[in-house]
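Here is the structure we will look at, set down as structure tokens.
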Amino acid sequence: MWQKFKWDMFVTSFIPLWLSIVVLDAWNIVSLALEKWDDKSKMLENLKNILCSSSVQVISVIVIAFLVISSIVGINSFLKKKFTIKSTHPKGTVKKATKANKLSSEFLLAYILPMIAFDFGDPQKLVLFLIYFLVLAYLCIRNNNIYTNILLEFKGYRIYTCDFECMVANENHIYHDSIVISKIDLTQEEGNEVPYWDFENYIYITVDRGGKQ
């Protein structure tokens, strides 16, 4: 389940890219439809021609829609399950916190914008994109680089770089420069304890004090 969650996080990180692809593909399909729709009496034939000529775009829109929707549902389900568990969440102390404002813009510029340059109507370039994207997915998921996520931004979470003290093997340990995802303004919580859920020892997501998502 954890690996599925990481994949869902990775996919939803690219929502701006998926949106751009869908808009471009839809634009091409509509443009082609306007060109071929010269005889209304041949509506069915024209429709078949449009679908055949735009098969790559149509398939990509369907696949992207399925991928994004299933990932959003998966993330919401995972978070809801984790944050509604009746057992008490562990608490960690925020020793130092800084807003990581640059991470989102760096992610956008480094990964998403270059991908928009691919021609998704060309099968050859589509294959190249899939190779590039799958390699990137493997590296990001393997190295847990999945925290810059636009879906979490929409849900009100922010990313912080923190010195975070928590219990490890019955001893307090401070993780320096940890990534903490939180709806709480952690810069106002220095020295305070916050309930959290551990992603992977150095990436955390806080739970509000009521234990809800």
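Letters A, B, ... mark the chains of the structure tokens in the order given; residue numbers begin at 1 per chain; ligand numbers begin at 1, in order shown.
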
Residues of region 10-41 of chain A within 10 Å of region 121-125 of chain A: nearest atom pair and distance (Å, one decimal) for each, counting only C-alpha atoms, sorted by chain and number, as a Markdown table?
| residue | atom | partner | partner_atom | distance |
| --- | --- | --- | --- | --- |
| A:Ile21 | CA | A:Gly121 | CA | 9.9 |
| A:Leu24 | CA | A:Gly121 | CA | 9.4 |
| A:Asp25 | CA | A:Gly121 | CA | 7.6 |
| A:Asn28 | CA | A:Gly121 | CA | 8.8 |

How would you write, as an NGL selection string, the set of residues in region 88-179 of chain A that DSSP gives as strand (DSSP E or B)?
:A and (91-99 or 158-168 or 171-179)

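With only C-alpha atoms as the atoms that count, the minimum distance from Cys162 (chain A) to the choices A:Met115, A:Val135, A:Val194, A:Ala97 is reached by A:Ala97.
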
One decimal, in Å: what's the spacing between CA of Leu151 (chain A) and CA of Ser13 (chain A)?
7.1 Å

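Separating CA of Val56 (chain A) from CA of Trp7 (chain A) is a distance of 24.1 Å.
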
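CA of Leu126 (chain A) is positioned 13.7 Å from CA of Ser54 (chain A).
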
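Proximity to Asn149 (chain A) was assessed for A:Ser55, A:Gln3, A:Thr12, A:Thr98 counting only C-alpha atoms; the smallest distance is recorded for A:Thr12.
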
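You can rank A:Phe129, A:Phe118, A:Trp197, A:Phe5 by their closest distance to Asn76 (chain A) using only C-alpha atoms, and at the top of that list sits A:Phe5.
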
Contacts of Phe133 (chain A) at 12 Å (only C-alpha atoms; same-chain gap of 4+ positions) as a PyMOL selection string
chain A and resi 10-11+14+17+111-112+114-116+118+126-129+137-141

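In this comparison, which uses only C-alpha atoms, the residue of A:Val168, A:Met9, A:Ile179, A:Ala117 approaching Val73 (chain A) most closely is A:Met9.
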
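For Val22 (chain A), the non-local neighbours within 10 Å, defined as residues at least 4 positions apart in the same chain or in other chains and counting only C-alpha atoms, are Leu17, Trp18, Ala26, Trp27, Asn28, Gln57, Val58, Ser60, Val61, Ile62, Ile64, Ala65 and Phe120 of chain A.
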
Writing out the chosen residues with N, CA and C atoms as a PDB file, in the first residue's frame:
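Final file, part.pdb:
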ATOM      1  N   LEU A  17       1.176  19.163 -15.846  1.00  0.00           N
ATOM      2  CA  LEU A  17       1.573  18.552 -17.116  1.00  0.00           C
ATOM      3  C   LEU A  17       0.395  17.817 -17.746  1.00  0.00           C
ATOM      4  N   TRP A  18      -0.305  17.009 -16.949  1.00  0.00           N
ATOM      5  CA  TRP A  18      -1.445  16.247 -17.483  1.00  0.00           C
ATOM      6  C   TRP A  18      -2.513  17.195 -18.027  1.00  0.00           C
ATOM      7  N   ALA A  26      -7.088  17.971 -26.799  1.00  0.00           N
ATOM      8  CA  ALA A  26      -8.470  18.366 -27.079  1.00  0.00           C
ATOM      9  C   ALA A  26      -8.508  19.446 -28.163  1.00  0.00           C
ATOM     10  N   TRP A  27      -7.559  20.367 -28.095  1.00  0.00           N
ATOM     11  CA  TRP A  27      -7.469  21.430 -29.102  1.00  0.00           C
ATOM     12  C   TRP A  27      -7.236  20.846 -30.491  1.00  0.00           C
ATOM     13  N   ASN A  28      -6.316  19.882 -30.593  1.00  0.00           N
ATOM     14  CA  ASN A  28      -6.019  19.242 -31.879  1.00  0.00           C
ATOM     15  C   ASN A  28      -7.211  18.467 -32.411  1.00  0.00           C
ATOM     16  N   GLN A  57      -4.207  10.905 -29.579  1.00  0.00           N
ATOM     17  CA  GLN A  57      -4.672  11.931 -28.646  1.00  0.00           C
ATOM     18  C   GLN A  57      -5.839  11.449 -27.804  1.00  0.00           C
ATOM     19  N   VAL A  58      -6.789  10.747 -28.445  1.00  0.00           N
ATOM     20  CA  VAL A  58      -7.968  10.248 -27.727  1.00  0.00           C
ATOM     21  C   VAL A  58      -7.551   9.261 -26.643  1.00  0.00           C
ATOM     22  N   SER A  60      -4.602   8.974 -25.219  1.00  0.00           N
ATOM     23  CA  SER A  60      -3.819   9.640 -24.164  1.00  0.00           C
ATOM     24  C   SER A  60      -4.723  10.378 -23.189  1.00  0.00           C
ATOM     25  N   VAL A  61      -5.774  11.023 -23.690  1.00  0.00           N
ATOM     26  CA  VAL A  61      -6.719  11.731 -22.812  1.00  0.00           C
ATOM     27  C   VAL A  61      -7.416  10.745 -21.875  1.00  0.00           C
ATOM     28  N   ILE A  62      -7.843   9.602 -22.415  1.00  0.00           N
ATOM     29  CA  ILE A  62      -8.530   8.592 -21.599  1.00  0.00           C
ATOM     30  C   ILE A  62      -7.591   8.024 -20.530  1.00  0.00           C
ATOM     31  N   ILE A  64      -4.799   9.369 -19.291  1.00  0.00           N
ATOM     32  CA  ILE A  64      -4.447  10.404 -18.311  1.00  0.00           C
ATOM     33  C   ILE A  64      -5.588  10.625 -17.319  1.00  0.00           C
ATOM     34  N   ALA A  65      -6.819  10.702 -17.828  1.00  0.00           N
ATOM     35  CA  ALA A  65      -7.974  10.906 -16.954  1.00  0.00           C
ATOM     36  C   ALA A  65      -8.091   9.777 -15.926  1.00  0.00           C
ATOM     37  N   PHE A 120       2.947  15.048 -28.218  1.00  0.00           N
ATOM     38  CA  PHE A 120       2.215  13.860 -27.798  1.00  0.00           C
ATOM     39  C   PHE A 120       1.316  13.287 -28.888  1.00  0.00           C
TER      40      PHE A 120
END

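Taking only C-alpha atoms into account, Gly92 (chain A) lies nearest to A:Asp198 out of the set A:Asp198, A:Asp119, A:Asp185, A:Asp177.
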